[in-house]
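Enquirer: Here it is: the structure, laid out below.
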Amino acid sequence: MWSPEFEPTQEWIPTDPIRLVGSVSATLQGGYVAVDQFRAALGVAFAVDERGAASGDQEQEMDLRLTTKR
């Protein structure tokens, strides 16, 4: 398990799709804006399937499955 921390910025750095050998599970947790921005950034490089989400007063948790974009 990896548990990195990311700081959202206003800069948008597009990337090309990235090839994966298999699927990758990811759980995003944080403020609503940060989670939405990170999910959108992942969507540039991967096919993103939302597996579930839980919302609180000020933060959100989202479970994703990432696969190679076709």
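Simple scheme: letters A, B, ... for chains in structure tokens order, numbers from 1 for residues in each chain, numbers from 1 for ligands in the order shown.
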Apply DSSP to the structure's backbone, then extract all residues of chain A labelled alpha helix (DSSP H) and return them as a PyMOL selection string.
Expert: chain A and resi 32-45
Enquirer: Produce a file of the selected residues containing all heavy atoms, as a JSON list (two decimals), in the first residue's frame.
Expert:
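Ended up saving to part-v6.json:
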```
[["chain", "number", "residue", "atom", "x", "y", "z"],
["A", 32, "TYR", "N", -13.70, 18.15, -0.58],
["A", 32, "TYR", "CA", -14.44, 17.88, -1.81],
["A", 32, "TYR", "C", -13.73, 18.38, -3.06],
["A", 32, "TYR", "O", -13.63, 17.67, -4.05],
["A", 32, "TYR", "CB", -15.85, 18.53, -1.73],
["A", 32, "TYR", "CG", -16.76, 17.77, -0.81],
["A", 32, "TYR", "CD1", -16.89, 18.11, 0.53],
["A", 32, "TYR", "CD2", -17.51, 16.70, -1.29],
["A", 32, "TYR", "CE1", -17.73, 17.41, 1.37],
["A", 32, "TYR", "CE2", -18.35, 15.99, -0.46],
["A", 32, "TYR", "CZ", -18.46, 16.35, 0.87],
["A", 32, "TYR", "OH", -19.29, 15.65, 1.71],
["A", 33, "VAL", "N", -13.22, 19.60, -3.03],
["A", 33, "VAL", "CA", -12.55, 20.17, -4.20],
["A", 33, "VAL", "C", -11.30, 19.38, -4.53],
["A", 33, "VAL", "O", -11.05, 19.03, -5.69],
["A", 33, "VAL", "CB", -12.23, 21.67, -3.96],
["A", 33, "VAL", "CG1", -11.37, 22.22, -5.09],
["A", 33, "VAL", "CG2", -13.51, 22.48, -3.82],
["A", 34, "ALA", "N", -10.49, 19.06, -3.53],
["A", 34, "ALA", "CA", -9.24, 18.32, -3.76],
["A", 34, "ALA", "C", -9.52, 16.94, -4.34],
["A", 34, "ALA", "O", -8.85, 16.51, -5.29],
["A", 34, "ALA", "CB", -8.45, 18.21, -2.46],
["A", 35, "VAL", "N", -10.50, 16.23, -3.80],
["A", 35, "VAL", "CA", -10.82, 14.89, -4.30],
["A", 35, "VAL", "C", -11.32, 14.98, -5.74],
["A", 35, "VAL", "O", -10.92, 14.19, -6.60],
["A", 35, "VAL", "CB", -11.85, 14.19, -3.38],
["A", 35, "VAL", "CG1", -12.41, 12.92, -4.03],
["A", 35, "VAL", "CG2", -11.21, 13.85, -2.05],
["A", 36, "ASP", "N", -12.19, 15.94, -6.03],
["A", 36, "ASP", "CA", -12.70, 16.10, -7.39],
["A", 36, "ASP", "C", -11.59, 16.45, -8.38],
["A", 36, "ASP", "O", -11.55, 15.92, -9.48],
["A", 36, "ASP", "CB", -13.80, 17.17, -7.43],
["A", 36, "ASP", "CG", -15.08, 16.71, -6.76],
["A", 36, "ASP", "OD1", -15.26, 15.50, -6.54],
["A", 36, "ASP", "OD2", -15.92, 17.59, -6.44],
["A", 37, "GLN", "N", -10.68, 17.34, -7.97],
["A", 37, "GLN", "CA", -9.56, 17.71, -8.84],
["A", 37, "GLN", "C", -8.64, 16.53, -9.10],
["A", 37, "GLN", "O", -8.18, 16.31, -10.23],
["A", 37, "GLN", "CB", -8.75, 18.86, -8.24],
["A", 37, "GLN", "CG", -9.44, 20.19, -8.29],
["A", 37, "GLN", "CD", -8.63, 21.29, -7.62],
["A", 37, "GLN", "OE1", -7.69, 21.03, -6.88],
["A", 37, "GLN", "NE2", -9.01, 22.53, -7.86],
["A", 38, "PHE", "N", -8.37, 15.75, -8.07],
["A", 38, "PHE", "CA", -7.46, 14.61, -8.24],
["A", 38, "PHE", "C", -8.11, 13.53, -9.10],
["A", 38, "PHE", "O", -7.46, 12.93, -9.95],
["A", 38, "PHE", "CB", -7.05, 14.07, -6.88],
["A", 38, "PHE", "CG", -5.84, 13.18, -6.95],
["A", 38, "PHE", "CD1", -4.62, 13.67, -7.39],
["A", 38, "PHE", "CD2", -5.92, 11.85, -6.61],
["A", 38, "PHE", "CE1", -3.50, 12.85, -7.48],
["A", 38, "PHE", "CE2", -4.81, 11.02, -6.69],
["A", 38, "PHE", "CZ", -3.60, 11.52, -7.13],
["A", 39, "ARG", "N", -9.41, 13.29, -8.91],
["A", 39, "ARG", "CA", -10.12, 12.32, -9.73],
["A", 39, "ARG", "C", -10.10, 12.76, -11.19],
["A", 39, "ARG", "O", -9.88, 11.95, -12.09],
["A", 39, "ARG", "CB", -11.56, 12.14, -9.27],
["A", 39, "ARG", "CG", -12.25, 10.99, -9.98],
["A", 39, "ARG", "CD", -13.76, 11.15, -9.98],
["A", 39, "ARG", "NE", -14.42, 10.03, -10.59],
["A", 39, "ARG", "CZ", -14.46, 9.76, -11.88],
["A", 39, "ARG", "NH1", -13.79, 10.51, -12.73],
["A", 39, "ARG", "NH2", -15.12, 8.73, -12.35],
["A", 40, "ALA", "N", -10.30, 14.03, -11.45],
["A", 40, "ALA", "CA", -10.26, 14.55, -12.82],
["A", 40, "ALA", "C", -8.86, 14.38, -13.43],
["A", 40, "ALA", "O", -8.73, 14.01, -14.60],
["A", 40, "ALA", "CB", -10.67, 16.02, -12.85],
["A", 41, "ALA", "N", -7.82, 14.64, -12.64],
["A", 41, "ALA", "CA", -6.45, 14.47, -13.12],
["A", 41, "ALA", "C", -6.17, 13.01, -13.46],
["A", 41, "ALA", "O", -5.54, 12.70, -14.47],
["A", 41, "ALA", "CB", -5.45, 14.98, -12.09],
["A", 42, "LEU", "N", -6.65, 12.09, -12.63],
["A", 42, "LEU", "CA", -6.47, 10.66, -12.92],
["A", 42, "LEU", "C", -7.21, 10.28, -14.20],
["A", 42, "LEU", "O", -6.74, 9.44, -14.97],
["A", 42, "LEU", "CB", -6.97, 9.81, -11.75],
["A", 42, "LEU", "CG", -6.13, 9.83, -10.48],
["A", 42, "LEU", "CD1", -6.86, 9.11, -9.35],
["A", 42, "LEU", "CD2", -4.77, 9.20, -10.73],
["A", 43, "GLY", "N", -8.35, 10.92, -14.44],
["A", 43, "GLY", "CA", -9.15, 10.63, -15.63],
["A", 43, "GLY", "C", -8.47, 11.00, -16.93],
["A", 43, "GLY", "O", -8.83, 10.50, -17.99],
["A", 44, "VAL", "N", -7.47, 11.88, -16.87],
["A", 44, "VAL", "CA", -6.71, 12.23, -18.08],
["A", 44, "VAL", "C", -5.82, 11.06, -18.50],
["A", 44, "VAL", "O", -5.69, 10.77, -19.68],
["A", 44, "VAL", "CB", -5.86, 13.50, -17.83],
["A", 44, "VAL", "CG1", -4.92, 13.76, -18.99],
["A", 44, "VAL", "CG2", -6.76, 14.69, -17.57],
["A", 45, "ALA", "N", -5.25, 10.38, -17.53],
["A", 45, "ALA", "CA", -4.27, 9.33, -17.82],
["A", 45, "ALA", "C", -4.85, 7.92, -17.80],
["A", 45, "ALA", "O", -4.29, 7.02, -18.42],
["A", 45, "ALA", "CB", -3.12, 9.42, -16.82]]
```
Enquirer: Using the chain letters and numbers from this document, which residues of chain A does DSSP assign to strand (DSSP E), as JSON, numbers by chain?
Expert: {"A": [24, 25, 26, 27, 28, 29, 30, 46, 47, 48, 49, 50, 51, 52, 53, 54, 55, 60, 61, 62, 63, 64, 65, 66, 67, 68]}
Enquirer: Hey, what's within 9 Å of Arg70 of chain A if we count only C-alpha atoms and toss same-chain stuff fewer than 5 positions away? As a list in words, please?
Expert: Pro17, Phe46 and Ala47 of chain A
Enquirer: Hey, can you check how far atom CA of Leu28 of chain A sits from atom CA of Leu66 of chain A?
Expert: 12.3 Å
Enquirer: Calculated over only C-alpha atoms, which of the candidates A:Asp57, A:Thr68, A:Ser3, A:Met62 has the smallest distance to Thr27 of chain A?
Expert: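 Among the listed residues, the smallest separation from Thr27 of chain A belongs to A:Met62.
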Enquirer: Between atom CA of Leu64 of chain A and atom CA of Leu20 of chain A, measure the distance and give it in Å to one decimal.
Expert: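 Computing it gives 14.7 Å between the two atoms.
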Enquirer: Pick the closest to Gly56 of chain A from A:Val21, A:Lys69, A:Gln29, A:Phe6: which is it, counting only C-alpha atoms?
Expert: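 Of A:Val21, A:Lys69, A:Gln29, A:Phe6, the one nearest Gly56 of chain A, counting only C-alpha atoms, is A:Gln29.
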Enquirer: Provide the atom CA of Ser25 of chain A to atom CA of Glu7 of chain A distance in Å, to one decimal place.
Expert: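 Here the two named atoms are 20.3 Å from each other.
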